[in-house]
Amino acid sequence: MNIWQLMERDHANIAHLIHEAPMALNSREVIRSRERLLNDLTAEFEAHTAAVSASLYDTVSREPSTRNLIQDLETERNQVMRALSDLARYNRRNSEGWLNNFEDTTYLIDHHLHRYKHELIPAARQLLGLEEVTDITRLFIRAKVRLIKSRNPTILSRFISKDLALGFVFCATVLGLVFLAKRSTYSHR
């Protein structure tokens with residue numbers, strides 16, 4: 001797979017998450033469903049745009065004809081991330097209002113991905129040779145993997161964190177019992 005196919009696959013994943021929203025609102029657990037959906041959408045969009053930025057932006061922005069496009073795309077990405085963040089904080093009781101804001105946010109996402117497909121990719125294809133596409137594809141994959149790994153700690157780090165938490169709870173319990181024992185000893189005198 002090359003970067004163009006990977007980008008297309010990411011766009012399909014993002015579109016699927018967007019189209020799941022109305023169905024999530026019909027769920028019995030509306031709040032949790034839409035929060036989970038929104039978290040998944042945010043994570044997918046963020047991973048995709050970070051990988052595109054890490055792989056394509058530097059090379060494509062070297063050309064004066066595409067420099068403004070890259071700046072516009074960065075501005076749009078920041079707007080989408082702000083809108084997703086605002087949506088995550090939106091009033092949990094108002095499903096209809098949430099859906100309206102979600103639709104506004106997904107319009108921004110669709111517009112951004114449309115610009116990738118119809119402006120960034122054609123410009124990049126003109127500028128890049130086969131070898132550069134191969135290199136950029138590797139950069140794209142590395143950037144996504146790095147971001148995904150940073151979000152999902154390894155099993156060992158999870159174990160250590162849980163172990164430390166258990167240790168703190170155990171120590172606090174022992175200290176609490178010692179304190180109570182001493183206190184009851186002093187009160188019986």
# chains A, B, ... in the order shown; residues from 1 in each chain; ligands from 1

$ residues_around --residues "Ala123 in chain A" --least-positions-apart "2" --cutoff "12 Å" --atoms "only C-alpha atoms" --output "number ranges by chain"
A: 56-57, 59-67, 69-70, 115-121, 125-128

$ residues_around --residues "Ile3 in chain A" --least-positions-apart "6" --cutoff "8 Å" --atoms "only C-alpha atoms" --output "ChimeraX atom specification"
/A:133-134,136-137,140

$ residues_around --residues "Leu41 in chain A" --least-positions-apart "3" --cutoff "12 Å" --atoms "only C-alpha atoms" --output "PyMOL selection string"
chain A and resi 10-21+34-38+44-48+80-81+84-85+87-88+102+105-106+109

$ write_last_selection --atoms "C-alpha atoms" --output "PDB file, in the first residue's frame"
ATOM      1  CA  ASP A  10      -8.339   6.546   6.784  1.00  0.00           C
ATOM      2  CA  HIS A  11     -10.917   8.767   5.085  1.00  0.00           C
ATOM      3  CA  ALA A  12     -13.280   5.785   4.827  1.00  0.00           C
ATOM      4  CA  ASN A  13     -12.776   4.992   8.536  1.00  0.00           C
ATOM      5  CA  ILE A  14     -13.493   8.597   9.501  1.00  0.00           C
ATOM      6  CA  ALA A  15     -16.586   8.696   7.271  1.00  0.00           C
ATOM      7  CA  HIS A  16     -17.836   5.475   8.879  1.00  0.00           C
ATOM      8  CA  LEU A  17     -17.453   6.955  12.373  1.00  0.00           C
ATOM      9  CA  ILE A  18     -19.309  10.089  11.283  1.00  0.00           C
ATOM     10  CA  HIS A  19     -22.209   8.063   9.922  1.00  0.00           C
ATOM     11  CA  GLU A  20     -22.436   6.011  13.134  1.00  0.00           C
ATOM     12  CA  ALA A  21     -23.450   9.081  15.187  1.00  0.00           C
ATOM     13  CA  ARG A  34     -21.842   9.186  21.639  1.00  0.00           C
ATOM     14  CA  GLU A  35     -18.865   9.884  23.920  1.00  0.00           C
ATOM     15  CA  ARG A  36     -17.192   6.677  22.771  1.00  0.00           C
ATOM     16  CA  LEU A  37     -17.983   7.518  19.141  1.00  0.00           C
ATOM     17  CA  LEU A  38     -16.663  11.046  19.541  1.00  0.00           C
ATOM     18  CA  GLU A  44      -8.829   8.687  14.152  1.00  0.00           C
ATOM     19  CA  PHE A  45      -8.878  12.249  12.793  1.00  0.00           C
ATOM     20  CA  GLU A  46      -5.947  13.288  14.961  1.00  0.00           C
ATOM     21  CA  ALA A  47      -3.861  10.240  13.991  1.00  0.00           C
ATOM     22  CA  HIS A  48      -4.631  10.734  10.313  1.00  0.00           C
ATOM     23  CA  VAL A  80     -11.641  20.832  13.603  1.00  0.00           C
ATOM     24  CA  MET A  81      -9.730  19.819  16.729  1.00  0.00           C
ATOM     25  CA  LEU A  84     -14.227  18.252  18.481  1.00  0.00           C
ATOM     26  CA  SER A  85     -12.973  19.408  21.872  1.00  0.00           C
ATOM     27  CA  LEU A  87     -18.307  18.939  21.299  1.00  0.00           C
ATOM     28  CA  ALA A  88     -16.799  16.673  23.959  1.00  0.00           C
ATOM     29  CA  PHE A 102     -21.856  17.256  15.641  1.00  0.00           C
ATOM     30  CA  THR A 105     -18.164  19.609  13.196  1.00  0.00           C
ATOM     31  CA  THR A 106     -18.444  16.798  10.671  1.00  0.00           C
ATOM     32  CA  ILE A 109     -14.025  17.354   8.838  1.00  0.00           C
TER      33      ILE A 109
END

$ decode --residues "range 75-91 of chain A" --atoms "N, CA and C atoms" --output "compact mmCIF listing (two decimals), in the first residue's frame"
# COMPACT_ATOMS: atom_id res chain seq x y z
N THR A 75 -4.51 25.36 9.55
CA THR A 75 -5.53 26.18 10.20
C THR A 75 -6.84 25.41 10.32
N GLU A 76 -7.24 24.75 9.23
CA GLU A 76 -8.48 23.96 9.25
C GLU A 76 -8.39 22.83 10.26
N ARG A 77 -7.26 22.15 10.32
CA ARG A 77 -7.07 21.04 11.26
C ARG A 77 -7.27 21.54 12.69
N ASN A 78 -6.68 22.68 13.00
CA ASN A 78 -6.82 23.25 14.34
C ASN A 78 -8.28 23.61 14.64
N GLN A 79 -9.00 24.11 13.64
CA GLN A 79 -10.42 24.42 13.82
C GLN A 79 -11.23 23.16 14.12
N VAL A 80 -10.94 22.10 13.38
CA VAL A 80 -11.64 20.83 13.60
C VAL A 80 -11.34 20.30 15.00
N MET A 81 -10.09 20.33 15.41
CA MET A 81 -9.73 19.82 16.73
C MET A 81 -10.41 20.64 17.83
N ARG A 82 -10.50 21.96 17.65
CA ARG A 82 -11.22 22.80 18.63
C ARG A 82 -12.70 22.43 18.66
N ALA A 83 -13.29 22.24 17.48
CA ALA A 83 -14.71 21.88 17.40
C ALA A 83 -14.97 20.53 18.06
N LEU A 84 -14.08 19.56 17.84
CA LEU A 84 -14.23 18.25 18.48
C LEU A 84 -14.09 18.37 20.00
N SER A 85 -13.17 19.19 20.44
CA SER A 85 -12.97 19.41 21.87
C SER A 85 -14.20 20.08 22.48
N ASP A 86 -14.75 21.08 21.80
CA ASP A 86 -15.97 21.75 22.28
C ASP A 86 -17.13 20.77 22.35
N LEU A 87 -17.23 19.92 21.36
CA LEU A 87 -18.31 18.94 21.30
C LEU A 87 -18.21 17.95 22.46
N ALA A 88 -17.00 17.60 22.83
CA ALA A 88 -16.80 16.67 23.96
C ALA A 88 -17.28 17.28 25.27
N ARG A 89 -17.25 18.61 25.37
CA ARG A 89 -17.69 19.29 26.59
C ARG A 89 -19.17 19.71 26.53
N TYR A 90 -19.83 19.41 25.44
CA TYR A 90 -21.20 19.86 25.22
C TYR A 90 -22.16 19.26 26.26
N ASN A 91 -23.22 19.98 26.53
CA ASN A 91 -24.25 19.56 27.49
C ASN A 91 -24.71 18.14 27.18
